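Here's the structure we're looking at; comments come further down.
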Amino acid sequence: MRNAEIADALAELGTLYELDGADRFRVLAYRDAAKAIRQSPVSVAELARAGRATELPGVGKTLQQKIVDLVETGTIPAAEKLKAKFPPSLVEITRIPGMGAKTVRRLWDELGIATLDDLREAAEQGRIQKLRGLGPKFERNVLEALERMEVDGAGERVLLSEALPVAEEIAAALREHPAADQVTVAGSVRRLAETCKDIDIIATASEPKQLAEALAEHELIAVAGNPTDAGLRATTHAGISVDLRIVEPDAYGNLLQHFTGSAAHNVELRERAVRMGLSVSEHGITNTETGEVERHAPEAEVYERLGLAYIEPELREGRGEIKAAERGELPELVELEDVRGDLHSHTTLSDGKHTLEEMAEAARERGYEYFAVTDHSATHGFGNDVQADQLLRRVEEVRELNERLYSDGSFRVLAGSEVNILPNGDLDYPDEVLDELDWVIASVHTSFRMTREKMTKRMVAAVENPRVNCLGHPSGRLLLRREPYDFDVEAVAEAAARSGTMIEINGNPNRRDLSEQNARLAAEAGVLICLNTDAHQTGTLANMRYAVATARRAWLEPKQIANTRPWSEFQKLLEAN
DNA sequence: GCCGTTTTCGGCCCGACTGTTTTCAGTCG
């Protein structure tokens with residue numbers, strides 16, 4: 001059973017308990033545990049079977065047992081009991097914005113509302129507003145929320161690559177406005193998360209309301225609320241909501257810290273503050289004894305006041321960064337400027353849009369020292385396959401190009417291939433063809449639905465193949481679209497560490513694969529990570545920023561990443577393998 | 001239900017907003 005399924009079951013059980021009127025902290029415990037399970041890089045089902053699920057933060061003995069029950073029988077007894085008491089469709093209703101478990105329970109008790117259809121009917125008939133504490137406005141909001149849920153996926157998450165350019169464009173426009181002072185993108189966009197629910201922008205301004213009005217009039221904004229001195233809430237034409245908050249300059253750091261999050265990070269930070277006799281909020285830090293409030297214009301002062309080293313936004317996920325900051329043991333994170341080469345790209349030979357020379361020149365212009373072209377291999381299909389004789393001609397073309405354009409030695413192109421890993425773990429070129437290449441990436445492109453055991457064996461075989469330099473997009477996931485295939489990340493990482501095979505973080509913003517959790521696990525296992533774009537045209541070589549973002553969120557330092565090395569050292573890595 | 005340089009029991013972040021209320025509960029981020 002997958003981590004996501006276990007997490008879903010526990011989150012549902014938490015909501016069932018909430019409907020049953022359980023203590024809110026108990027409910028919170030189920031939600032926190034579900035989140036930790038969802039984020040775990042290793043199989044929680046296996047952990048629980050081994051009695052080790054309690055190693056996860058927020059999972060104790062009770063939940064350990066419930067996970068075992070779930071994995072072995074497919075259900076949790078407590079959940080079955082509660083589902084006999086309430087229709088499980090009540091859990092659906094709690095997903096409507098503004099409808100919590102308390103309200104849903106009342107509607108069930110007093111009006112017998114069990115489904116979304118029941119709810120719509122009751123609202124349309126005006127039966128909800130007759131209940132004490134729920135008026136006509138609430139009823140109207142329910143109907144509007146139901147409509148929004150049907151019309152489009154309003155409020156759904158979008159890829160960072162959709163949110164980030166919009167956030168940057170809006171922030172830049174606001175900065176230009178004469179009323180603006182400071183403008184910073186906060187929230188999950190600033191943390192460079194994989195996906196974002198909305199865009200948060202923090203600002204100070206001489207004329208706050210004018211700045212809010214400027215946002216309302218921005219060409220990307222489709223719908224805007226009421227501009228005030230406090231800011232504005234708006235929605236772009238693409239359906240992304242944008243929240244602008246304007247504050248006094250002296251508390252700018254407090255507000256930025258608060259709205260950068262994450263929620264988990266802030267909770268941990270504030271719990272620590274409470275132990276120090278302090279109370280942290282977006283308005284400042286209050287001394288609980290004296291009631292005195294300190295405000296901080298620079299964000300770093302917030303961390304300093306709490307006795308912590310400055311924590312980079314990408315690390316603020318409640319994954320141990322506060323303890324590390326306390327001990328001065330935060331990593332020196334890799335930066336985009338550290339990257340000296342890109343080792344996964346496609347050209348017109350397979351499914352790319354630009355030629356070998358166009359791609360090479362674009363890579364050189366980005367300041368790289370080395371660049372690998374890795375078109376798809378013989379069994380790729382879609383009419384994009386490259387047969388062995390074509391590949392060997394490509395090797396000649398690369399040699400000729402290096403000689404013609406890059407003979408001064410400051411830049412070189414590696415002749416490579418992205419070779420398919422066949423279901424049995426073999427590669428789809430003969431060894432003597434692979435021996436002609438400078439660089440081999442091995443990736444899974446077919447037969448995703450193998451058992452965990454078979455898929456693990458398949459990938460371990462590829463990683464242990466002495467002709468393979470690097471494993472490509474290891475999980476096969478597509479963010480918001482396709483789940484990763486099932487394999488044992490730990491086993492593959494151990495095999496890669498043993499055999500000196502690199503594993504890539506694919507910077508395609510749909511992939512970000514290795515994920516940040518898996519990249520951290522692999523690097524800790526001793527795997528050398530490679531940051532690649534998988535660019536299919538010159539423009540997407542810029543996706544290196546997303547590979548770096550994932551690496552930073554995985555706590556990676558330059559030394560853990562192969563292609564931060566200058567060519568002379570990278571070359572030695574290739575020779576050693 | 002979890003967890004421990006204040007605790008194995010008694011705590012568990014903080015504030016804004018909304019819609020309904022005469023002081024607040026519920027929901028959200």
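So you can find residues: chains in the structure tokens are A, B, ... in the order shown, residues in each start at 1, and ligands are numbered from 1 in order.
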
### Task
Apply DSSP to the backbone of this structure and, from region 106-209 of chain A, keep only the residues in helix (DSSP H, G or I); write these as a PyMOL selection string.
chain A and resi 106-111+116-124+136-151+160-176+187-190+208-209

### Task
Can you check which residues of chain A have any atom within 10 Å of chain B? Use only C-alpha atoms (C1' of nucleotides) and format it as number ranges by chain.
A: 23, 25-30, 32-33, 57-63, 97-103, 132-138, 259, 261-264, 266-275, 279-283

### Query
Out of region 227-377 of chain A, which residues get strand (DSSP E) from DSSP, as a ChimeraX atom specification?
/A:231-236,241-246,278-281,284-287,293-294,341-342,370-376

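Counting from CA of Val548 (chain A), the distance to CA of Arg482 (chain A) is 22.3 Å.
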
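Here CA of Pro178 (chain A) and CA of Ala300 (chain A) stand 26.8 Å from one another.
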
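CA of Gln65 (chain A) sits 8.5 Å away from CA of Gly51 (chain A).
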
#### Entry: For region 145-151 of chain A: contacts at 12 Å, only C-alpha atoms (C1' of nucleotides), fewer than 2 positions along chain excluded, given as a PyMOL selection string
chain A and resi 92-99+115-121+123-124+138-143+153-156+239

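Non-sequential neighbours of Val293 (chain A) (distance at most 9 Å, separation of 3 or more positions within a chain, only C-alpha atoms (C1' of nucleotides)) are His283, Gly284, Ile285, Thr286, Asn287 and Thr290 of chain A.
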
Selection to disk with C-alpha atoms, as a compact mmCIF listing (two decimals), in the first residue's frame:
# COMPACT_ATOMS: atom_id res chain seq x y z
CA HIS A 283 3.10 41.93 14.03
CA GLY A 284 6.24 41.36 16.05
CA ILE A 285 7.73 39.40 18.92
CA THR A 286 6.06 39.93 22.30
CA ASN A 287 7.76 39.36 25.63
CA THR A 290 6.42 42.42 30.18
